Structure formats: structure tokens, C-alpha cells
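Listing of final_12.pdb, PDB, C-alpha atoms
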```
ATOM      1  CA  ASN B  12      17.443 103.840-129.217
ATOM      2  CA  LYS B  13      16.701 107.202-130.758
ATOM      3  CA  ILE B  14      19.509 108.848-128.804
ATOM      4  CA  HIS B  15      21.869 106.126-129.975
ATOM      5  CA  ALA B  16      20.736 106.580-133.570
ATOM      6  CA  LEU B  17      21.114 110.356-133.345
ATOM      7  CA  SER B  18      24.682 110.007-132.099
ATOM      8  CA  PHE B  19      25.634 108.528-135.494
ATOM      9  CA  ASP B  20      23.630 111.004-137.571
ATOM     10  CA  PRO B  21      25.939 113.756-138.873
ATOM     11  CA  ARG B  22      22.980 116.157-139.229
ATOM     12  CA  ALA B  23      22.048 115.944-135.516
ATOM     13  CA  ALA B  24      23.251 118.807-133.354
ATOM     14  CA  LYS B  25      25.608 117.812-130.563
ATOM     15  CA  LYS B  26      23.709 119.942-128.000
ATOM     16  CA  VAL B  27      20.406 118.211-128.830
ATOM     17  CA  VAL B  28      21.902 114.748-128.404
ATOM     18  CA  ASP B  29      23.558 115.765-125.110
ATOM     19  CA  SER B  30      20.342 117.267-123.730
ATOM     20  CA  LEU B  31      18.351 114.148-124.706
ATOM     21  CA  ASP B  32      20.988 112.003-123.009
ATOM     22  CA  ILE B  33      20.689 114.055-119.796
ATOM     23  CA  ILE B  34      16.884 113.806-119.863
ATOM     24  CA  ASN B  35      17.139 110.049-120.374
ATOM     25  CA  LYS B  36      19.452 109.686-117.348
ATOM     26  CA  VAL B  37      17.053 111.722-115.192
ATOM     27  CA  TYR B  38      14.141 109.490-116.208
ATOM     28  CA  GLU B  39      16.130 106.325-115.486
ATOM     29  CA  GLN B  40      17.047 107.647-112.030
ATOM     30  CA  GLN B  41      13.402 108.494-111.277
ATOM     31  CA  ILE B  42      12.306 105.022-112.356
ATOM     32  CA  GLU B  43      14.879 103.439-110.038
ATOM     33  CA  ASP B  44      13.706 105.648-107.157
ATOM     34  CA  PHE B  45      10.060 104.739-107.746
ATOM     35  CA  GLN B  46      10.877 101.035-107.902
ATOM     36  CA  ALA B  47      12.813 101.267-104.647
ATOM     37  CA  GLN B  48       9.833 102.946-102.957
ATOM     38  CA  LEU B  49       7.304 100.580-104.485
ATOM     39  CA  PHE B  50       8.435  97.392-102.787
ATOM     40  CA  ASP B  51       9.961  97.867 -99.370
ATOM     41  CA  LEU B  52      10.149  94.263 -98.109
ATOM     42  CA  ASN B  53      13.534  92.702 -97.580
ATOM     43  CA  ASP B  54      14.253  89.122 -98.595
ATOM     44  CA  ASP B  55      13.727  87.646 -95.113
ATOM     45  CA  GLU B  56      10.315  89.296 -94.681
ATOM     46  CA  PHE B  57       9.316  88.171 -98.171
ATOM     47  CA  LYS B  58      10.352  84.590 -97.425
ATOM     48  CA  ASN B  59       8.520  84.517 -94.072
ATOM     49  CA  LEU B  60       5.325  85.941 -95.569
ATOM     50  CA  LYS B  61       5.490  83.502 -98.449
ATOM     51  CA  GLU B  62       5.876  80.535 -96.077
ATOM     52  CA  LYS B  63       2.927  81.723 -93.968
ATOM     53  CA  LEU B  64       0.701  82.128 -97.009
ATOM     54  CA  MET B  65       1.716  78.775 -98.459
ATOM     55  CA  GLN B  66       0.514  77.057 -95.257
ATOM     56  CA  ILE B  67      -3.038  77.816 -96.348
ATOM     57  CA  LYS B  68      -4.460  74.864 -98.231
ATOM     58  CA  GLY B  69      -4.999  75.993-101.814
ATOM     59  CA  ILE B  70      -2.444  78.800-101.950
ATOM     60  CA  GLY B  71       0.691  77.737-103.739
ATOM     61  CA  GLU B  72       3.962  79.440-104.522
ATOM     62  CA  LYS B  73       2.626  81.471-107.436
ATOM     63  CA  ALA B  74      -0.425  82.734-105.558
ATOM     64  CA  ALA B  75       1.588  83.581-102.438
ATOM     65  CA  THR B  76       4.175  85.489-104.465
ATOM     66  CA  GLY B  77       1.449  87.338-106.357
ATOM     67  CA  ILE B  78      -0.352  88.341-103.167
ATOM     68  CA  ILE B  79       2.828  89.635-101.567
ATOM     69  CA  ILE B  80       3.970  91.598-104.609
ATOM     70  CA  GLN B  81       0.609  93.105-105.547
ATOM     71  CA  THR B  82      -0.224  94.150-101.988
ATOM     72  CA  ASN B  83       3.270  95.032-100.708
ATOM     73  CA  GLY B  84       3.077  92.321 -98.078
ATOM     74  CA  LEU B  85      -0.463  93.338 -97.039
ATOM     75  CA  LYS B  86       0.992  96.419 -95.315
ATOM     76  CA  ASN B  87      -1.293  98.952 -96.984
ATOM     77  CA  PHE B  88      -4.602  97.369 -95.953
ATOM     78  CA  HIS B  89      -6.445  97.862 -92.677
ATOM     79  CA  SER B  90      -9.079  95.178 -93.241
ATOM     80  CA  ALA B  91      -9.744  92.046 -95.239
ATOM     81  CA  LYS B  92     -12.698  93.786 -96.901
ATOM     82  CA  ALA B  93     -10.420  96.501 -98.252
ATOM     83  CA  LEU B  94      -8.012  93.877 -99.557
ATOM     84  CA  ALA B  95     -10.807  91.917-101.253
ATOM     85  CA  ALA B  96     -12.147  95.098-102.843
ATOM     86  CA  PHE B  97      -8.656  95.992-104.101
ATOM     87  CA  LEU B  98      -8.309  92.564-105.718
ATOM     88  CA  GLY B  99     -11.773  92.772-107.274
ATOM     89  CA  LEU B 100     -13.331  89.893-105.357
ATOM     90  CA  VAL B 101     -16.279  91.943-104.108
ATOM     91  CA  PRO B 102     -19.259  92.731-106.346
ATOM     92  CA  THR B 103     -20.053  96.357-106.987
ATOM     93  CA  ILE B 104     -23.385  97.907-106.058
ATOM     94  CA  LYS B 105     -25.381  99.603-108.798
ATOM     95  CA  GLN B 106     -28.179 101.730-107.442
ATOM     96  CA  SER B 107     -29.932 104.865-108.547
ATOM     97  CA  GLY B 108     -32.097 106.322-105.821
ATOM     98  CA  THR B 109     -34.643 103.877-104.497
ATOM     99  CA  SER B 110     -36.197 102.758-107.758
ATOM    100  CA  LEU B 111     -33.364 100.913-109.478
ATOM    101  CA  LYS B 112     -31.245  98.170-108.054
ATOM    102  CA  SER B 113     -29.301  95.781-110.226
ATOM    103  CA  ARG B 114     -27.021  92.904-109.478
ATOM    104  CA  GLY B 115     -23.445  93.949-109.018
ATOM    105  CA  ARG B 116     -20.601  92.471-110.980
ATOM    106  CA  LEU B 117     -16.956  92.065-110.143
ATOM    107  CA  VAL B 118     -14.792  95.097-110.767
ATOM    108  CA  ASN B 119     -12.809  94.895-113.999
ATOM    109  CA  THR B 120     -10.274  97.536-113.017
ATOM    110  CA  ALA B 121      -8.727  95.448-110.243
ATOM    111  CA  CYS B 122      -5.657  93.205-110.425
ATOM    112  CA  LYS B 123      -6.912  90.835-113.100
ATOM    113  CA  GLN B 124      -3.821  88.652-113.177
ATOM    114  CA  LEU B 125      -3.818  88.024-109.436
ATOM    115  CA  ARG B 126      -7.579  87.485-109.447
ATOM    116  CA  SER B 127      -7.187  84.755-112.083
ATOM    117  CA  ILE B 128      -4.401  83.152-110.025
ATOM    118  CA  LEU B 129      -6.662  83.229-106.971
ATOM    119  CA  PHE B 130      -9.481  81.678-109.015
ATOM    120  CA  CYS B 131      -7.172  78.753-109.831
ATOM    121  CA  ALA B 132      -6.122  78.550-106.177
ATOM    122  CA  ALA B 133      -9.809  78.443-105.231
ATOM    123  CA  GLN B 134     -10.244  75.284-107.287
ATOM    124  CA  SER B 135      -7.665  73.551-105.128
ATOM    125  CA  ALA B 136      -8.960  75.112-101.914
ATOM    126  CA  ALA B 137     -12.486  73.896-102.679
ATOM    127  CA  ARG B 138     -11.101  70.371-102.423
ATOM    128  CA  PHE B 139      -8.549  70.524 -99.613
ATOM    129  CA  ASN B 140      -9.288  73.559 -97.395
ATOM    130  CA  LEU B 141     -12.101  72.468 -95.085
ATOM    131  CA  ASP B 142     -13.653  75.921 -94.569
ATOM    132  CA  CYS B 143     -13.538  76.640 -98.292
ATOM    133  CA  LYS B 144     -14.941  73.209 -99.090
ATOM    134  CA  ASP B 145     -17.925  73.844 -96.803
ATOM    135  CA  LEU B 146     -18.512  77.250 -98.390
ATOM    136  CA  TYR B 147     -18.262  75.819-101.921
ATOM    137  CA  THR B 148     -20.696  72.953-101.312
ATOM    138  CA  ARG B 149     -23.132  75.254 -99.460
ATOM    139  CA  LEU B 150     -23.206  77.738-102.357
ATOM    140  CA  LEU B 151     -23.643  74.991-104.948
ATOM    141  CA  ALA B 152     -26.534  73.586-102.901
ATOM    142  CA  LYS B 153     -28.155  77.042-102.937
ATOM    143  CA  GLY B 154     -28.060  76.998-106.741
ATOM    144  CA  LYS B 155     -25.101  79.296-107.378
ATOM    145  CA  SER B 156     -22.959  78.660-110.420
ATOM    146  CA  LYS B 157     -19.594  76.971-110.035
ATOM    147  CA  LYS B 158     -17.816  80.148-111.101
ATOM    148  CA  ALA B 159     -19.618  82.266-108.496
ATOM    149  CA  ALA B 160     -18.892  79.677-105.822
ATOM    150  CA  LYS B 161     -15.197  79.609-106.753
ATOM    151  CA  MET B 162     -14.978  83.394-106.611
ATOM    152  CA  ALA B 163     -16.514  83.235-103.127
ATOM    153  CA  VAL B 164     -13.855  80.666-102.199
ATOM    154  CA  ALA B 165     -11.163  83.013-103.562
ATOM    155  CA  HIS B 166     -12.624  85.744-101.335
ATOM    156  CA  LYS B 167     -12.474  83.336 -98.383
ATOM    157  CA  LEU B 168      -8.821  82.540 -99.191
ATOM    158  CA  ILE B 169      -7.922  86.228 -99.155
ATOM    159  CA  ARG B 170      -9.662  86.664 -95.806
ATOM    160  CA  GLN B 171      -7.742  83.695 -94.412
ATOM    161  CA  ALA B 172      -4.464  85.056 -95.782
ATOM    162  CA  PHE B 173      -5.134  88.481 -94.296
ATOM    163  CA  ALA B 174      -5.960  86.997 -90.880
ATOM    164  CA  ILE B 175      -2.842  84.844 -90.798
ATOM    165  CA  VAL B 176      -0.507  87.660 -91.807
ATOM    166  CA  LYS B 177      -2.032  90.368 -89.601
ATOM    167  CA  ASN B 178      -2.424  88.175 -86.504
ATOM    168  CA  ASN B 179       0.908  86.393 -87.058
ATOM    169  CA  THR B 180      -0.643  82.951 -86.563
ATOM    170  CA  VAL B 181      -0.344  79.533 -88.143
ATOM    171  CA  PHE B 182      -3.031  78.188 -90.497
ATOM    172  CA  GLN B 183      -5.279  75.485 -89.030
ATOM    173  CA  ASN B 184      -7.259  73.562 -91.612
ATOM    174  CA  ASP B 185      -9.850  72.441 -89.048
ATOM    175  CA  PHE B 186     -10.238  75.825 -87.339
ATOM    176  CA  GLN B 187     -14.062  75.926 -87.484
ATOM    177  CA  ALA B 188     -14.360  72.350 -86.132
ATOM    178  CA  ASN B 189     -12.078  73.242 -83.204
ATOM    179  CA  LYS B 190     -14.017  76.454 -82.588
ATOM    180  CA  ILE B 191     -17.349  74.579 -82.456
ATOM    181  CA  ALA B 192     -15.875  71.897 -80.176
ATOM    182  CA  LEU B 193     -14.577  74.533 -77.767
ATOM    183  CA  THR B 194     -17.945  76.270 -77.504
ATOM    184  CA  LYS B 195     -19.820  73.052 -76.579
TER     185      LYS B 195
END
```
Give the structure from this file in C-alpha cells form.
Amino acid sequence: NKIHALSFDPRAAKKVVDSLDIINKVYEQQIEDFQAQLFDLNDDEFKNLKEKLMQIKGIGEKAATGIIIQTNGLKNFHSAKALAAFLGLVPTIKQSGTSLKSRGRLVNTACKQLRSILFCAAQSAARFNLDCKDLYTRLLAKGKSKKAAKMAVAHKLIRQAFAIVKNNTVFQNDFQANKIALTK
């Protein structure tokens, strides 16, 4: 806008306006290059990942899209723990030597928007995803708050999403029941 305004100002030097215009074009080109490097999934990969994630009970279209975009299709993570830490679903440890230990809190510098979407997804998963439902009821029975239990469910959802994407499998809502039945 300033370059445009300077082009109409008779007091502005032509060389200054031209140099600002060149600098602006360089910045725009760099922004386009960074955006191209930032997200390197094509449309088919995006669609397949989104369908896989939406198979998980509790993860809807918005949560699946957010997970894929924020994590670049989970390509940059080697473990589910690293992914959960990146999203801020793991409490921090505060310790000073051996004398002071305090309860950790969730990291505030993580992806707050995606974490809030996952919190909403955890509400649905606590009702319909059998593994998450068991976790939620177990934590409430131990005396945890509903918010803490839902954040644990969100952590469980991310672990399930990571496992499905990395192992290229289909979500099974009764996975733990089948696993127990097979071991007997």
C-alpha cells in the first residue's frame, strides 16, 4: 500500500519507488517459496490421510484436517510421544535438583488451536471410542478432573492417529477386546 501511495506522490523519487517495488517482489517470491516447501503433500495423499484419520471414532473432518496441516501429514515425527509433545498434550516437568519437584502443566507454546480442536474431539471420543471411553472412566474413578481426563483422551487420540498413519492400518474400535480375546 505504501508503494502504491508513493507512486502517486509527486515528491517521491522514482528510484526509491522502483527499488521498493523490487524489494517487494523479492519478498513475495520468498514467501511463495517458503509456502511451497512448508506443505509437500499432494491432494491424493491429503485425501487418503484425512480418510484414515476420520475412521477413528471422535476425530472429525476439522480435527483430521488440522492434524494433517499442523504436522505435515505426520512425516516429521518419529514417535507418538514426540507428536504429543509438539501438540502440547504432555505435561512439562519442573524440577530443580533433588529438593524441588512440582506438578507439570501443559505447554502453552504448542499449537493451541489444534489442541483445542483435539479437546473437543476428545469429548466425542470419550463417548464412542471404546479405548478412550475406558481411559476416561478409569481416570474419573481415580478422582481426576473432567478436563484432565479429556486431555488424556486427546493424547490417546493422537497416539491412535499416529499408529494408524505410520503402520498404514485401519482403525478398529474394539482393538483391545480383540487383543485380550486372542491372548486367552
| Evaluate the PyMOL selection byres ((chain B and resi 163-167) around 6) and report residues as a ChimeraX atom specification | /B:100,129-130,133,143,160-162,168-170
| task | Rank B:Leu85, B:Val176, B:Ala74, B:Ala95 by their smallest atom-to-atom distance to Ser135 (chain B), using all atoms listed in the file, and report the top residue only. | result | B:Ala74
| said: Going by the chain IDs and residue numbers used in this file, which residues fall under the PyMOL selection byres ((chain B and resi 140) around 12)? Write them as number ranges by chain. | reply: B: 66-70, 132-139, 141-147, 164-165, 167-168, 171, 182-187
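The coordinates place CA of Ile34 (chain B) at 15.0 Å from CA of Ser18 (chain B).
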| Proximity to Ile175 (chain B) - best of B:Tyr38, B:Arg22, B:Gly84, B:Ala16, only C-alpha atoms |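 For Ile175 (chain B), the nearest of the candidates is B:Gly84.
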| note | Counting all atoms listed in the file, the residue among B:Asp55, B:Lys61, B:Leu31, B:Lys158 that lies closest to Cys131 (chain B) is B:Lys158
| request: Point out the residue among B:Ala91, B:Glu56, B:Ala174, B:Ala159 with the least atom-to-atom distance to Arg116 (chain B), counting all atoms listed in the file. | output: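 That would be B:Ala159, the residue with the smallest distance to Arg116 (chain B).
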| With only C-alpha atoms as the basis for distance, which of B:Phe19, B:Ala75, B:Asn83, B:Asp29 is at the shortest distance from Lys63 (chain B)? | B:Ala75
| query | For Gly99 (chain B), which residue among B:Asn87, B:Thr180, B:Gly77, B:Leu125 is the nearest when counting all atoms listed in the file? | reply | B:Leu125
| query | In Å, with one decimal, what is the gap from CA of Glu43 (chain B) to CA of Lys177 (chain B)? | reply |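 Separation between CA of Glu43 (chain B) and CA of Lys177 (chain B): 29.6 Å.
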| task | Do a neighbour search on Leu98 (chain B) at 8 Å with all atoms listed in the file, toss out local chain neighbours closer than 5 positions, and write the hits as a list in words. | result | Ala121, Cys122, Lys123, Leu125 and Arg126 of chain B
Thr76 (chain B) surroundings by only C-alpha atoms, 10 Å radius, close-in-sequence under 3 positions cut, as a PDB file with C-alpha atoms, keeping the file's coordinate frame:
```pdb
ATOM      1  CA  PHE B  57       9.316  88.171 -98.171  1.00  0.00           C
ATOM      2  CA  LYS B  58      10.352  84.590 -97.425  1.00  0.00           C
ATOM      3  CA  LEU B  60       5.325  85.941 -95.569  1.00  0.00           C
ATOM      4  CA  LYS B  61       5.490  83.502 -98.449  1.00  0.00           C
ATOM      5  CA  GLU B  62       5.876  80.535 -96.077  1.00  0.00           C
ATOM      6  CA  LEU B  64       0.701  82.128 -97.009  1.00  0.00           C
ATOM      7  CA  MET B  65       1.716  78.775 -98.459  1.00  0.00           C
ATOM      8  CA  ILE B  70      -2.444  78.800-101.950  1.00  0.00           C
ATOM      9  CA  GLY B  71       0.691  77.737-103.739  1.00  0.00           C
ATOM     10  CA  GLU B  72       3.962  79.440-104.522  1.00  0.00           C
ATOM     11  CA  LYS B  73       2.626  81.471-107.436  1.00  0.00           C
ATOM     12  CA  ILE B  79       2.828  89.635-101.567  1.00  0.00           C
ATOM     13  CA  ILE B  80       3.970  91.598-104.609  1.00  0.00           C
ATOM     14  CA  GLN B  81       0.609  93.105-105.547  1.00  0.00           C
ATOM     15  CA  GLY B  84       3.077  92.321 -98.078  1.00  0.00           C
ATOM     16  CA  LEU B 125      -3.818  88.024-109.436  1.00  0.00           C
TER      17      LEU B 125
END
```
Specify the axis-aligned box that encloses all atoms of region 121-135 of chain B listed in the file after padding of 3 Å on each side, stating its centre and edge lengths in Å to one decimal as JSON.
```
{"center_x": -7.0, "center_y": 84.5, "center_z": -109.2, "size_x": 12.4, "size_y": 27.9, "size_z": 14.0}
```
| field | Point-to-point distance in Å for CA of Thr103 (chain B) and CA of Phe88 (chain B) | value |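 CA of Thr103 (chain B) lies at a distance of 19.0 Å from CA of Phe88 (chain B).
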